[in-house]
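Student: A single structure is presented below for examination.
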Amino acid sequence: MSENCTHDCSSCGENCPSRNSSPADFIEKLNPLSKVNKTIGIVSGKGGVGKSLVTSMLAVMAKRAGLDTAVLDADITGPSIPKAFGLTGMAEGTEQGILPRKTATGIDVMSINLLLDDVTAPVVWRGPVIGGVVKQFWQDVIWQHEDVMFIDMPPGTGDVPLTVFQSIPLDGIIVVTSPQELVGMIVEKAVNMAGMMDIPVLGIVENMSYITCPDCGRRIYPFGESRVKAIAQKFNIPVTASLPMEPVVAMLCDEGKIEAVQLDGLEEVFDAIKALPDNYKE
C-alpha cells in the first residue's frame, strides 16, 4: 500500500497496488512469540456509549471462564482500559518485543497509556501515525498465548477503525450503542462498515438502556423504549443485550476495580463468542 493512500479507491488509478490487492494482503503478522485464537473487535458508531466498559466486562467474563484473555486498546486518543483495570506504570520490553501488562486476575493488556510518561498528555497524532501504533500493538507485543483477544476500537468509521479491520484478522465484532434514535442511526453506519469488510457482527449491546427502581424493581427507560432488537432484526444480527445504568459499576471502573464488577446481561453475547470456531493466528 502506498504511504499516501487515502483508502478512497475512487481517486486511484487502475494500476494502484492497493486496488489490485485482496483484503488478506493487508493482514499483519503477529510477533513470532505470539499465539492468538479468537479476535473480537468492540466497536461503536460514536464515543461515550460505553464501548470500553463492554470490552472490559467481556474480558472479565472470559477470564472468569478460565480463558487466557487479552485486551488490545486500539482507542489511541481516548484510552481508558488501563484505568478501568487499575494499571499504572510503564510496559516493559525485551529484544523479542513489548510485554503486555497483566491485571490483578491475569488479563494481558496493551494500551498507549502504558507507554507514556504522562498519562494525561494528549495524543495529538494524525490518523496514519495512530494506525501505525495500532498495528505495532498487534505485531510487536508478545501475546504469548491468548484464547481470546478483545480489541477496544476507536469510535466511528474513520481511518483507524479501517486500519484495524484491514490489518488485524477479526473473527467478529460486537457493536455497542445507547438507546437514542440518533445513536441508532450511527450504529447502522458501523454495521454497514463491517458488512463492507466481510466481518460478521456477532451481537449488539445497548448500554444505559434502563434504570432499575431500588424500591419496586421496575425498569425505567429514561431514553425511551429500547430499539436494539429492531436494529438487530433489520440486519439479521442474532444476539442482543441491554445493560442498565448502574452507579456502582461506574464507581468501580473509576477505582480501577472492574474485575470486581458483577453485571448480568452479557451472557448471550459471550456465548456467541465462545461458539466461534478456533482460528489460531501465529
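Residues in the C-alpha cells are numbered from 1 in each chain, the chains being A, B, ... in the order shown, and ligands are numbered from 1 in the order shown.
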Taking the DSSP assignment computed from this structure's backbone, write out as a ChimeraX atom specification all residues of stretch 62-224 of chain A that belong to strand (DSSP E or B).

Tutor: /A:69-73,92-94,97-99,101-102,108-110,141,146-152,172-177,201-212,219-220

Student: Pull C-alpha atoms from the residues just selected and write them as a compact mmCIF listing (two decimals), in the first residue's frame.

Tutor:
```
# COMPACT_ATOMS: atom_id res chain seq x y z
CA THR A 69 -7.57 -13.34 27.78
CA ALA A 70 -6.11 -10.17 26.31
CA VAL A 71 -7.28 -6.62 25.63
CA LEU A 72 -5.67 -4.57 22.87
CA ASP A 73 -6.64 -0.95 23.44
CA GLU A 92 8.39 -3.27 29.62
CA GLY A 93 10.04 -4.96 26.71
CA THR A 94 12.77 -7.32 25.64
CA GLY A 97 9.14 -7.49 21.74
CA ILE A 98 6.93 -5.50 24.12
CA LEU A 99 5.42 -7.29 27.12
CA ARG A 101 0.84 -5.65 31.44
CA LYS A 102 -1.18 -8.11 33.49
CA ASP A 108 -2.97 -9.21 29.32
CA VAL A 109 -3.38 -5.54 28.37
CA MET A 110 -1.61 -3.19 25.99
CA VAL A 141 3.63 -7.08 21.54
CA GLU A 146 -4.41 -15.92 24.17
CA ASP A 147 -7.61 -17.91 23.85
CA VAL A 148 -9.49 -14.69 23.11
CA MET A 149 -8.41 -11.11 22.45
CA PHE A 150 -10.81 -8.19 22.72
CA ILE A 151 -9.88 -5.09 20.71
CA ASP A 152 -11.30 -1.83 22.06
CA GLY A 172 -16.25 -10.93 14.60
CA ILE A 173 -17.35 -7.66 16.14
CA ILE A 174 -19.70 -6.55 18.89
CA VAL A 175 -21.44 -3.21 18.31
CA VAL A 176 -22.14 -1.02 21.35
CA THR A 177 -24.83 1.64 21.33
CA VAL A 201 -21.47 -8.82 13.56
CA LEU A 202 -21.95 -11.21 16.46
CA GLY A 203 -24.26 -9.01 18.51
CA ILE A 204 -25.38 -5.55 19.59
CA VAL A 205 -25.13 -4.29 23.15
CA GLU A 206 -27.35 -1.39 24.19
CA ASN A 207 -25.72 0.31 27.15
CA MET A 208 -27.50 2.72 29.53
CA SER A 209 -30.73 1.10 28.43
CA TYR A 210 -32.67 1.39 31.68
CA ILE A 211 -32.60 2.16 35.39
CA THR A 212 -33.90 -0.33 37.94
CA ARG A 219 -37.34 -0.87 34.89
CA ILE A 220 -37.42 2.79 33.91
```

Student: Write out as a short mmCIF file (atom, residue, chain, number, x, y, z; two decimals) with all heavy atoms, in the first residue's frame all residues of stretch 122-269 of chain A that backbone DSSP assigns to alpha helix (DSSP H).

Tutor:
```cif
data_model
loop_
_atom_site.label_atom_id
_atom_site.label_comp_id
_atom_site.auth_asym_id
_atom_site.auth_seq_id
_atom_site.Cartn_x
_atom_site.Cartn_y
_atom_site.Cartn_z
N GLY A 127 -3.99 10.47 11.68
CA GLY A 127 -4.53 9.13 11.53
C GLY A 127 -3.51 8.07 11.14
O GLY A 127 -3.48 6.99 11.75
N PRO A 128 -2.65 8.30 10.12
CA PRO A 128 -1.70 7.26 9.73
C PRO A 128 -0.75 6.87 10.85
O PRO A 128 -0.38 5.70 10.97
CB PRO A 128 -0.95 7.90 8.56
CG PRO A 128 -1.91 8.89 8.00
CD PRO A 128 -2.65 9.44 9.18
N VAL A 129 -0.35 7.84 11.69
CA VAL A 129 0.54 7.54 12.81
C VAL A 129 -0.19 6.69 13.84
O VAL A 129 0.34 5.69 14.35
CB VAL A 129 1.07 8.83 13.45
CG1 VAL A 129 1.94 8.52 14.68
CG2 VAL A 129 1.87 9.65 12.44
N ILE A 130 -1.43 7.06 14.14
CA ILE A 130 -2.22 6.30 15.11
C ILE A 130 -2.45 4.88 14.59
O ILE A 130 -2.32 3.90 15.33
CB ILE A 130 -3.57 7.00 15.38
CG1 ILE A 130 -3.32 8.36 16.05
CG2 ILE A 130 -4.45 6.14 16.27
CD1 ILE A 130 -4.57 9.19 16.22
N GLY A 131 -2.79 4.78 13.30
CA GLY A 131 -2.97 3.45 12.71
C GLY A 131 -1.72 2.61 12.79
O GLY A 131 -1.78 1.40 13.04
N GLY A 132 -0.56 3.25 12.62
CA GLY A 132 0.71 2.53 12.74
C GLY A 132 0.94 1.99 14.14
O GLY A 132 1.46 0.89 14.31
N VAL A 133 0.56 2.77 15.16
CA VAL A 133 0.70 2.32 16.54
C VAL A 133 -0.19 1.10 16.80
O VAL A 133 0.23 0.13 17.45
CB VAL A 133 0.37 3.46 17.52
CG1 VAL A 133 0.31 2.94 18.96
CG2 VAL A 133 1.39 4.58 17.41
N VAL A 134 -1.42 1.15 16.30
CA VAL A 134 -2.33 0.01 16.48
C VAL A 134 -1.73 -1.25 15.86
O VAL A 134 -1.74 -2.33 16.46
CB VAL A 134 -3.71 0.31 15.87
CG1 VAL A 134 -4.58 -0.94 15.88
CG2 VAL A 134 -4.39 1.44 16.62
N LYS A 135 -1.17 -1.12 14.67
CA LYS A 135 -0.55 -2.28 14.02
C LYS A 135 0.64 -2.77 14.82
O LYS A 135 0.88 -3.99 14.91
CB LYS A 135 -0.14 -1.93 12.59
CG LYS A 135 -1.33 -1.79 11.64
CD LYS A 135 -0.91 -1.78 10.19
CE LYS A 135 -0.30 -0.46 9.79
NZ LYS A 135 -0.07 -0.40 8.31
N GLN A 136 1.40 -1.86 15.43
CA GLN A 136 2.53 -2.27 16.28
C GLN A 136 2.06 -3.03 17.50
O GLN A 136 2.73 -3.98 17.94
CB GLN A 136 3.34 -1.05 16.70
CG GLN A 136 4.24 -0.50 15.60
CD GLN A 136 5.12 0.62 16.10
OE1 GLN A 136 4.65 1.72 16.38
NE2 GLN A 136 6.40 0.34 16.24
N PHE A 137 0.92 -2.63 18.07
CA PHE A 137 0.37 -3.38 19.21
C PHE A 137 0.07 -4.82 18.81
O PHE A 137 0.20 -5.73 19.63
CB PHE A 137 -0.90 -2.70 19.73
CG PHE A 137 -0.66 -1.47 20.54
CD1 PHE A 137 -1.73 -0.69 20.98
CD2 PHE A 137 0.61 -1.07 20.89
CE1 PHE A 137 -1.53 0.44 21.74
CE2 PHE A 137 0.84 0.07 21.66
CZ PHE A 137 -0.25 0.83 22.08
N TRP A 138 -0.34 -5.03 17.58
CA TRP A 138 -0.61 -6.39 17.10
C TRP A 138 0.69 -7.12 16.76
O TRP A 138 0.88 -8.28 17.11
CB TRP A 138 -1.52 -6.32 15.88
CG TRP A 138 -1.77 -7.62 15.19
CD1 TRP A 138 -1.25 -8.04 14.00
CD2 TRP A 138 -2.62 -8.69 15.63
NE1 TRP A 138 -1.72 -9.28 13.67
CE2 TRP A 138 -2.56 -9.71 14.66
CE3 TRP A 138 -3.42 -8.88 16.76
CZ2 TRP A 138 -3.28 -10.90 14.77
CZ3 TRP A 138 -4.14 -10.06 16.87
CH2 TRP A 138 -4.06 -11.05 15.90
N GLN A 139 1.62 -6.43 16.10
CA GLN A 139 2.83 -7.06 15.59
C GLN A 139 3.93 -7.23 16.63
O GLN A 139 4.61 -8.26 16.67
CB GLN A 139 3.41 -6.23 14.45
CG GLN A 139 2.55 -6.12 13.21
CD GLN A 139 3.14 -5.11 12.24
OE1 GLN A 139 3.22 -3.92 12.52
NE2 GLN A 139 3.57 -5.60 11.08
N ASP A 159 -10.41 6.43 9.69
CA ASP A 159 -9.15 5.84 9.25
C ASP A 159 -8.66 4.73 10.17
O ASP A 159 -8.25 3.66 9.71
CB ASP A 159 -8.09 6.93 9.13
CG ASP A 159 -6.81 6.42 8.49
OD1 ASP A 159 -6.86 6.00 7.33
OD2 ASP A 159 -5.77 6.44 9.17
N VAL A 160 -8.70 4.97 11.49
CA VAL A 160 -8.14 3.98 12.42
C VAL A 160 -9.00 2.73 12.51
O VAL A 160 -8.46 1.61 12.44
CB VAL A 160 -7.91 4.61 13.80
CG1 VAL A 160 -7.32 3.59 14.76
CG2 VAL A 160 -6.96 5.81 13.69
N PRO A 161 -10.33 2.83 12.63
CA PRO A 161 -11.12 1.59 12.56
C PRO A 161 -10.88 0.82 11.26
O PRO A 161 -10.81 -0.41 11.27
CB PRO A 161 -12.57 2.08 12.66
CG PRO A 161 -12.48 3.37 13.40
CD PRO A 161 -11.19 3.99 12.95
N LEU A 162 -10.75 1.55 10.15
CA LEU A 162 -10.47 0.88 8.88
C LEU A 162 -9.13 0.15 8.93
O LEU A 162 -9.00 -0.97 8.43
CB LEU A 162 -10.47 1.91 7.74
CG LEU A 162 -10.17 1.36 6.34
CD1 LEU A 162 -11.23 0.34 5.93
CD2 LEU A 162 -10.11 2.51 5.34
N THR A 163 -8.13 0.77 9.56
CA THR A 163 -6.83 0.13 9.71
C THR A 163 -6.95 -1.17 10.48
O THR A 163 -6.35 -2.19 10.11
CB THR A 163 -5.84 1.07 10.42
OG1 THR A 163 -5.61 2.22 9.61
CG2 THR A 163 -4.50 0.38 10.68
N VAL A 164 -7.73 -1.15 11.56
CA VAL A 164 -7.92 -2.37 12.36
C VAL A 164 -8.61 -3.44 11.53
O VAL A 164 -8.19 -4.60 11.49
CB VAL A 164 -8.71 -2.07 13.64
CG1 VAL A 164 -8.99 -3.36 14.41
CG2 VAL A 164 -7.96 -1.09 14.53
N PHE A 165 -9.70 -3.06 10.84
CA PHE A 165 -10.43 -4.02 10.02
C PHE A 165 -9.54 -4.66 8.96
O PHE A 165 -9.67 -5.85 8.65
CB PHE A 165 -11.62 -3.34 9.33
CG PHE A 165 -12.83 -3.18 10.21
CD1 PHE A 165 -13.51 -1.96 10.25
CD2 PHE A 165 -13.31 -4.23 10.96
CE1 PHE A 165 -14.64 -1.81 11.04
CE2 PHE A 165 -14.44 -4.09 11.75
CZ PHE A 165 -15.11 -2.88 11.79
N GLN A 166 -8.63 -3.86 8.38
CA GLN A 166 -7.80 -4.37 7.30
C GLN A 166 -6.54 -5.08 7.79
O GLN A 166 -6.02 -5.94 7.09
CB GLN A 166 -7.39 -3.22 6.37
CG GLN A 166 -8.53 -2.64 5.56
CD GLN A 166 -8.06 -1.55 4.60
OE1 GLN A 166 -7.15 -0.79 4.91
NE2 GLN A 166 -8.67 -1.49 3.43
N SER A 167 -6.02 -4.71 8.96
CA SER A 167 -4.71 -5.18 9.39
C SER A 167 -4.75 -6.35 10.36
O SER A 167 -3.80 -7.12 10.45
CB SER A 167 -3.91 -4.03 10.04
OG SER A 167 -3.80 -2.94 9.15
N GLU A 181 -32.36 7.59 19.30
CA GLU A 181 -32.59 7.30 17.88
C GLU A 181 -31.40 7.74 17.04
O GLU A 181 -31.02 7.07 16.08
CB GLU A 181 -33.86 8.01 17.41
CG GLU A 181 -34.22 7.70 15.96
CD GLU A 181 -35.54 8.31 15.54
OE1 GLU A 181 -36.21 8.92 16.41
OE2 GLU A 181 -35.90 8.19 14.37
N LEU A 182 -30.78 8.89 17.36
CA LEU A 182 -29.63 9.36 16.61
C LEU A 182 -28.51 8.34 16.67
O LEU A 182 -27.88 8.02 15.67
CB LEU A 182 -29.16 10.71 17.16
CG LEU A 182 -27.85 11.26 16.57
CD1 LEU A 182 -28.01 11.51 15.08
CD2 LEU A 182 -27.42 12.53 17.28
N VAL A 183 -28.26 7.80 17.87
CA VAL A 183 -27.20 6.81 18.01
C VAL A 183 -27.55 5.55 17.24
O VAL A 183 -26.71 4.91 16.63
CB VAL A 183 -26.96 6.50 19.51
CG1 VAL A 183 -25.91 5.41 19.66
CG2 VAL A 183 -26.52 7.75 20.24
N GLY A 184 -28.85 5.20 17.22
CA GLY A 184 -29.26 4.04 16.44
C GLY A 184 -28.91 4.19 14.98
O GLY A 184 -28.47 3.24 14.32
N MET A 185 -29.08 5.39 14.46
CA MET A 185 -28.73 5.64 13.06
C MET A 185 -27.22 5.50 12.86
O MET A 185 -26.76 4.92 11.86
CB MET A 185 -29.19 7.05 12.67
CG MET A 185 -28.80 7.47 11.25
SD MET A 185 -27.20 8.31 11.17
CE MET A 185 -27.57 9.81 12.07
N ILE A 186 -26.44 5.97 13.82
CA ILE A 186 -24.98 5.88 13.71
C ILE A 186 -24.52 4.43 13.81
O ILE A 186 -23.55 4.02 13.16
CB ILE A 186 -24.32 6.76 14.79
CG1 ILE A 186 -24.64 8.24 14.52
CG2 ILE A 186 -22.82 6.56 14.83
CD1 ILE A 186 -24.19 9.19 15.60
N VAL A 187 -25.23 3.64 14.61
CA VAL A 187 -24.91 2.22 14.72
C VAL A 187 -25.02 1.55 13.35
O VAL A 187 -24.21 0.70 12.99
CB VAL A 187 -25.86 1.52 15.72
CG1 VAL A 187 -25.80 0.01 15.56
CG2 VAL A 187 -25.48 1.90 17.14
N GLU A 188 -26.02 1.93 12.59
CA GLU A 188 -26.19 1.35 11.27
C GLU A 188 -24.97 1.59 10.38
O GLU A 188 -24.61 0.75 9.56
CB GLU A 188 -27.46 1.89 10.61
CG GLU A 188 -28.73 1.46 11.33
CD GLU A 188 -29.99 1.86 10.58
OE1 GLU A 188 -29.90 2.10 9.36
OE2 GLU A 188 -31.06 1.93 11.21
N LYS A 189 -24.33 2.74 10.55
CA LYS A 189 -23.11 3.00 9.80
C LYS A 189 -22.01 2.00 10.17
O LYS A 189 -21.30 1.48 9.30
CB LYS A 189 -22.62 4.43 10.06
CG LYS A 189 -23.53 5.52 9.52
CD LYS A 189 -22.96 6.90 9.84
CE LYS A 189 -23.86 8.02 9.33
NZ LYS A 189 -23.86 8.09 7.85
N ALA A 190 -21.85 1.74 11.47
CA ALA A 190 -20.83 0.79 11.92
C ALA A 190 -21.14 -0.62 11.41
O ALA A 190 -20.24 -1.35 10.97
CB ALA A 190 -20.75 0.80 13.44
N VAL A 191 -22.42 -1.01 11.46
CA VAL A 191 -22.81 -2.33 10.96
C VAL A 191 -22.56 -2.43 9.46
O VAL A 191 -22.05 -3.45 8.96
CB VAL A 191 -24.28 -2.60 11.30
CG1 VAL A 191 -24.76 -3.88 10.62
CG2 VAL A 191 -24.48 -2.70 12.81
N ASN A 192 -22.89 -1.38 8.73
CA ASN A 192 -22.67 -1.40 7.29
C ASN A 192 -21.18 -1.46 6.95
O ASN A 192 -20.78 -2.11 5.98
CB ASN A 192 -23.30 -0.16 6.65
CG ASN A 192 -24.82 -0.25 6.58
OD1 ASN A 192 -25.37 -1.33 6.46
ND2 ASN A 192 -25.49 0.89 6.67
N MET A 193 -20.35 -0.78 7.75
CA MET A 193 -18.90 -0.83 7.52
C MET A 193 -18.39 -2.26 7.71
O MET A 193 -17.59 -2.76 6.91
CB MET A 193 -18.17 0.11 8.47
CG MET A 193 -16.66 0.13 8.28
SD MET A 193 -15.83 1.29 9.39
CE MET A 193 -14.14 1.11 8.84
N ALA A 194 -18.86 -2.93 8.76
CA ALA A 194 -18.45 -4.32 8.98
C ALA A 194 -18.86 -5.19 7.81
O ALA A 194 -18.11 -6.08 7.38
CB ALA A 194 -19.07 -4.84 10.28
N GLY A 195 -20.06 -4.94 7.27
CA GLY A 195 -20.51 -5.70 6.11
C GLY A 195 -19.62 -5.49 4.91
O GLY A 195 -19.31 -6.43 4.16
N MET A 196 -19.17 -4.24 4.71
CA MET A 196 -18.28 -3.95 3.59
C MET A 196 -16.96 -4.69 3.72
O MET A 196 -16.33 -5.05 2.73
CB MET A 196 -18.02 -2.44 3.51
CG MET A 196 -19.23 -1.61 3.11
SD MET A 196 -18.94 0.16 3.33
CE MET A 196 -17.54 0.41 2.23
N VAL A 228 -32.92 -1.74 20.27
CA VAL A 228 -31.82 -2.62 19.88
C VAL A 228 -32.32 -3.85 19.13
O VAL A 228 -31.70 -4.30 18.16
CB VAL A 228 -30.98 -3.02 21.11
CG1 VAL A 228 -31.76 -3.89 22.08
CG2 VAL A 228 -29.70 -3.72 20.68
N LYS A 229 -33.46 -4.40 19.53
CA LYS A 229 -33.97 -5.59 18.84
C LYS A 229 -34.41 -5.26 17.41
O LYS A 229 -34.24 -6.08 16.50
CB LYS A 229 -35.12 -6.20 19.64
CG LYS A 229 -34.68 -6.84 20.95
CD LYS A 229 -35.79 -7.60 21.61
CE LYS A 229 -35.36 -8.20 22.94
NZ LYS A 229 -34.24 -9.17 22.78
N ALA A 230 -34.96 -4.06 17.21
CA ALA A 230 -35.37 -3.67 15.86
C ALA A 230 -34.16 -3.54 14.94
O ALA A 230 -34.20 -3.96 13.78
CB ALA A 230 -36.14 -2.35 15.92
N ILE A 231 -33.08 -2.94 15.46
CA ILE A 231 -31.87 -2.80 14.66
C ILE A 231 -31.28 -4.17 14.35
O ILE A 231 -30.87 -4.46 13.22
CB ILE A 231 -30.84 -1.91 15.38
CG1 ILE A 231 -31.37 -0.48 15.53
CG2 ILE A 231 -29.50 -1.90 14.64
CD1 ILE A 231 -30.49 0.42 16.36
N ALA A 232 -31.25 -5.05 15.37
CA ALA A 232 -30.71 -6.39 15.17
C ALA A 232 -31.51 -7.16 14.13
O ALA A 232 -30.96 -7.86 13.28
CB ALA A 232 -30.68 -7.14 16.50
N GLN A 233 -32.82 -7.03 14.18
CA GLN A 233 -33.68 -7.73 13.22
C GLN A 233 -33.45 -7.21 11.81
O GLN A 233 -33.42 -7.99 10.85
CB GLN A 233 -35.14 -7.57 13.63
CG GLN A 233 -36.11 -8.35 12.75
CD GLN A 233 -37.55 -8.24 13.25
OE1 GLN A 233 -37.87 -7.39 14.07
NE2 GLN A 233 -38.42 -9.11 12.74
N LYS A 234 -33.26 -5.91 11.68
CA LYS A 234 -33.05 -5.31 10.36
C LYS A 234 -31.81 -5.87 9.69
O LYS A 234 -31.79 -6.08 8.46
CB LYS A 234 -32.94 -3.79 10.51
CG LYS A 234 -32.69 -3.06 9.21
CD LYS A 234 -32.66 -1.55 9.43
CE LYS A 234 -32.40 -0.81 8.12
NZ LYS A 234 -32.38 0.67 8.32
N PRO A 247 -24.78 2.83 38.99
CA PRO A 247 -23.75 3.70 39.59
C PRO A 247 -22.58 2.94 40.19
O PRO A 247 -21.44 3.41 40.11
CB PRO A 247 -24.54 4.46 40.68
CG PRO A 247 -25.95 4.44 40.21
CD PRO A 247 -26.13 3.14 39.49
N VAL A 248 -22.81 1.77 40.77
CA VAL A 248 -21.71 1.04 41.40
C VAL A 248 -20.70 0.58 40.37
O VAL A 248 -19.50 0.51 40.64
CB VAL A 248 -22.25 -0.16 42.23
CG1 VAL A 248 -22.83 -1.23 41.33
CG2 VAL A 248 -21.15 -0.74 43.10
N VAL A 249 -21.17 0.28 39.14
CA VAL A 249 -20.25 -0.12 38.08
C VAL A 249 -19.35 1.04 37.70
O VAL A 249 -18.13 0.88 37.56
CB VAL A 249 -21.02 -0.64 36.86
CG1 VAL A 249 -20.09 -0.91 35.68
CG2 VAL A 249 -21.79 -1.91 37.22
N ALA A 250 -19.93 2.23 37.56
CA ALA A 250 -19.12 3.41 37.24
C ALA A 250 -18.11 3.69 38.34
O ALA A 250 -16.95 4.03 38.07
CB ALA A 250 -20.04 4.62 37.04
N MET A 251 -18.52 3.52 39.58
CA MET A 251 -17.61 3.76 40.70
C MET A 251 -16.43 2.79 40.68
O MET A 251 -15.27 3.19 40.85
CB MET A 251 -18.37 3.63 42.02
CG MET A 251 -17.51 3.86 43.26
SD MET A 251 -18.39 3.45 44.79
CE MET A 251 -18.46 1.65 44.66
N LEU A 252 -16.71 1.51 40.45
CA LEU A 252 -15.64 0.52 40.44
C LEU A 252 -14.70 0.73 39.26
O LEU A 252 -13.49 0.52 39.38
CB LEU A 252 -16.23 -0.89 40.40
CG LEU A 252 -16.92 -1.36 41.69
CD1 LEU A 252 -17.66 -2.68 41.47
CD2 LEU A 252 -15.91 -1.51 42.82
N CYS A 253 -15.24 1.16 38.12
CA CYS A 253 -14.37 1.48 36.98
C CYS A 253 -13.44 2.64 37.31
O CYS A 253 -12.24 2.60 37.01
CB CYS A 253 -15.21 1.82 35.75
SG CYS A 253 -16.00 0.40 34.97
N ASP A 254 -13.98 3.68 37.93
CA ASP A 254 -13.17 4.83 38.29
C ASP A 254 -12.09 4.45 39.30
O ASP A 254 -11.01 5.06 39.33
CB ASP A 254 -14.05 5.93 38.88
CG ASP A 254 -14.90 6.62 37.83
OD1 ASP A 254 -14.58 6.48 36.63
OD2 ASP A 254 -15.88 7.29 38.20
N GLU A 267 -24.36 -12.40 28.91
CA GLU A 267 -24.14 -13.84 28.82
C GLU A 267 -24.32 -14.36 27.39
O GLU A 267 -23.50 -15.15 26.89
CB GLU A 267 -25.08 -14.58 29.77
CG GLU A 267 -24.77 -14.38 31.24
CD GLU A 267 -25.30 -13.06 31.78
OE1 GLU A 267 -26.07 -12.38 31.06
OE2 GLU A 267 -24.95 -12.71 32.92
N GLU A 268 -25.40 -13.94 26.70
CA GLU A 268 -25.64 -14.43 25.35
C GLU A 268 -24.57 -13.94 24.37
O GLU A 268 -24.19 -14.66 23.44
CB GLU A 268 -27.03 -14.02 24.88
CG GLU A 268 -28.17 -14.74 25.58
CD GLU A 268 -29.52 -14.45 24.93
OE1 GLU A 268 -29.53 -14.10 23.73
OE2 GLU A 268 -30.53 -14.56 25.62
N VAL A 269 -24.11 -12.72 24.57
CA VAL A 269 -23.04 -12.19 23.72
C VAL A 269 -21.77 -13.02 23.91
O VAL A 269 -21.10 -13.41 22.94
CB VAL A 269 -22.78 -10.70 24.05
CG1 VAL A 269 -21.55 -10.20 23.31
CG2 VAL A 269 -24.00 -9.86 23.69
#
```

Student: When you look at A:Thr55 with a cut-off of 7 Å (counting only C-alpha atoms), what residues show up, excluding the ones that are within fewer than 2 positions of it in the same chain? I need them as a PDB file with N, CA, C and O atoms, in the first residue's frame.

Tutor:
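Listed below is the output, result.pdb:
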```
ATOM      1  N   ILE A  42     -14.582  -4.622  19.452  1.00  0.00           N
ATOM      2  CA  ILE A  42     -15.711  -3.966  20.106  1.00  0.00           C
ATOM      3  C   ILE A  42     -15.800  -2.564  19.526  1.00  0.00           C
ATOM      4  O   ILE A  42     -14.888  -1.758  19.700  1.00  0.00           O
ATOM      5  N   LYS A  51     -18.353   1.667  25.161  1.00  0.00           N
ATOM      6  CA  LYS A  51     -17.627   0.638  24.420  1.00  0.00           C
ATOM      7  C   LYS A  51     -16.508   0.016  25.257  1.00  0.00           C
ATOM      8  O   LYS A  51     -16.345  -1.226  25.271  1.00  0.00           O
ATOM      9  N   SER A  52     -15.755   0.842  25.956  1.00  0.00           N
ATOM     10  CA  SER A  52     -14.651   0.321  26.767  1.00  0.00           C
ATOM     11  C   SER A  52     -15.167  -0.476  27.959  1.00  0.00           C
ATOM     12  O   SER A  52     -14.538  -1.456  28.383  1.00  0.00           O
ATOM     13  N   LEU A  53     -16.314  -0.083  28.507  1.00  0.00           N
ATOM     14  CA  LEU A  53     -16.926  -0.852  29.595  1.00  0.00           C
ATOM     15  C   LEU A  53     -17.287  -2.248  29.101  1.00  0.00           C
ATOM     16  O   LEU A  53     -16.988  -3.253  29.769  1.00  0.00           O
ATOM     17  N   MET A  57     -15.754  -5.736  30.445  1.00  0.00           N
ATOM     18  CA  MET A  57     -16.614  -6.731  31.072  1.00  0.00           C
ATOM     19  C   MET A  57     -16.543  -8.069  30.336  1.00  0.00           C
ATOM     20  O   MET A  57     -16.544  -9.135  30.958  1.00  0.00           O
ATOM     21  N   LEU A  58     -16.483  -8.050  29.010  1.00  0.00           N
ATOM     22  CA  LEU A  58     -16.344  -9.298  28.269  1.00  0.00           C
ATOM     23  C   LEU A  58     -15.004  -9.970  28.569  1.00  0.00           C
ATOM     24  O   LEU A  58     -14.926 -11.203  28.687  1.00  0.00           O
ATOM     25  N   ALA A  59     -13.957  -9.163  28.718  1.00  0.00           N
ATOM     26  CA  ALA A  59     -12.652  -9.722  29.089  1.00  0.00           C
ATOM     27  C   ALA A  59     -12.701 -10.343  30.476  1.00  0.00           C
ATOM     28  O   ALA A  59     -12.134 -11.423  30.710  1.00  0.00           O
ATOM     29  N   PHE A 150      -9.816  -9.222  22.982  1.00  0.00           N
ATOM     30  CA  PHE A 150     -10.809  -8.191  22.720  1.00  0.00           C
ATOM     31  C   PHE A 150     -10.076  -6.913  22.322  1.00  0.00           C
ATOM     32  O   PHE A 150      -9.143  -6.483  23.004  1.00  0.00           O
ATOM     33  N   ASP A 152     -10.481  -3.011  21.789  1.00  0.00           N
ATOM     34  CA  ASP A 152     -11.299  -1.827  22.057  1.00  0.00           C
ATOM     35  C   ASP A 152     -11.034  -0.824  20.943  1.00  0.00           C
ATOM     36  O   ASP A 152     -10.013  -0.145  20.931  1.00  0.00           O
TER      37      ASP A 152
END
```

Student: Counting only C-alpha atoms, what are the residues of stretch 67-171 of chain A within 10 Å of stretch 47-50 of chain A, and for each of them which pair of atoms is the nearest and at what distance in Å, to one decimal? Sort the table by chain and rising number, as a tab-separated table.

Tutor:
```
residue	atom	partner	partner_atom	distance
A:Gly78	CA	A:Gly47	CA	9.3
A:Pro154	CA	A:Gly47	CA	8.0
A:Pro155	CA	A:Gly47	CA	5.4
A:Gly156	CA	A:Gly47	CA	7.6
```

Student: Of the residues A:Ile273, A:Val36, A:Ile142, A:Ile27, which is the one nearest to A:Ile168, using only C-alpha atoms?

Tutor: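 Nearest to A:Ile168: A:Ile27.
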
Student: Pick out the residues sitting within 10 Å of A:Leu116, and hand them over as a list of chain:residue names; count only C-alpha atoms, and ignore anything fewer than 4 positions along from it in its own chain.

Tutor: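 Close residues of A:Leu116: A:Gly89, A:Met90, A:Ala91, A:Ser111, A:Ile112, A:Thr120, A:Ala121, A:Val123.
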
Student: For the residues in the current selection, export N, CA, C and O atoms as a CSV table (one decimal), in the first residue's frame.

Tutor:
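Result saved to out09.csv:
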```csv
chain,number,residue,atom,x,y,z
A,89,GLY,N,1.9,2.8,35.6
A,89,GLY,CA,3.3,2.5,35.2
A,89,GLY,C,3.5,2.1,33.8
A,89,GLY,O,2.5,2.1,33.0
A,90,MET,N,4.7,1.9,33.4
A,90,MET,CA,5.1,1.6,32.0
A,90,MET,C,5.2,0.2,31.7
A,90,MET,O,5.6,-0.7,32.5
A,91,ALA,N,4.8,-0.2,30.5
A,91,ALA,CA,5.0,-1.5,30.0
A,91,ALA,C,6.5,-1.7,29.8
A,91,ALA,O,7.3,-0.8,29.5
A,111,SER,N,-1.9,-0.8,26.0
A,111,SER,CA,-2.6,0.5,25.7
A,111,SER,C,-1.5,1.5,25.6
A,111,SER,O,-0.4,1.4,26.2
A,112,ILE,N,-1.8,2.6,24.8
A,112,ILE,CA,-0.8,3.7,24.7
A,112,ILE,C,-0.5,4.3,26.0
A,112,ILE,O,0.6,4.8,26.2
A,120,THR,N,-1.8,11.8,31.2
A,120,THR,CA,-2.8,12.9,30.9
A,120,THR,C,-2.3,13.7,29.7
A,120,THR,O,-3.1,14.6,29.2
A,121,ALA,N,-1.2,13.4,29.1
A,121,ALA,CA,-0.7,14.1,27.9
A,121,ALA,C,-1.6,13.7,26.7
A,121,ALA,O,-1.8,12.5,26.5
A,123,VAL,N,-2.7,12.8,23.0
A,123,VAL,CA,-2.0,12.1,21.9
A,123,VAL,C,-2.5,12.9,20.6
A,123,VAL,O,-3.6,12.6,20.1
```
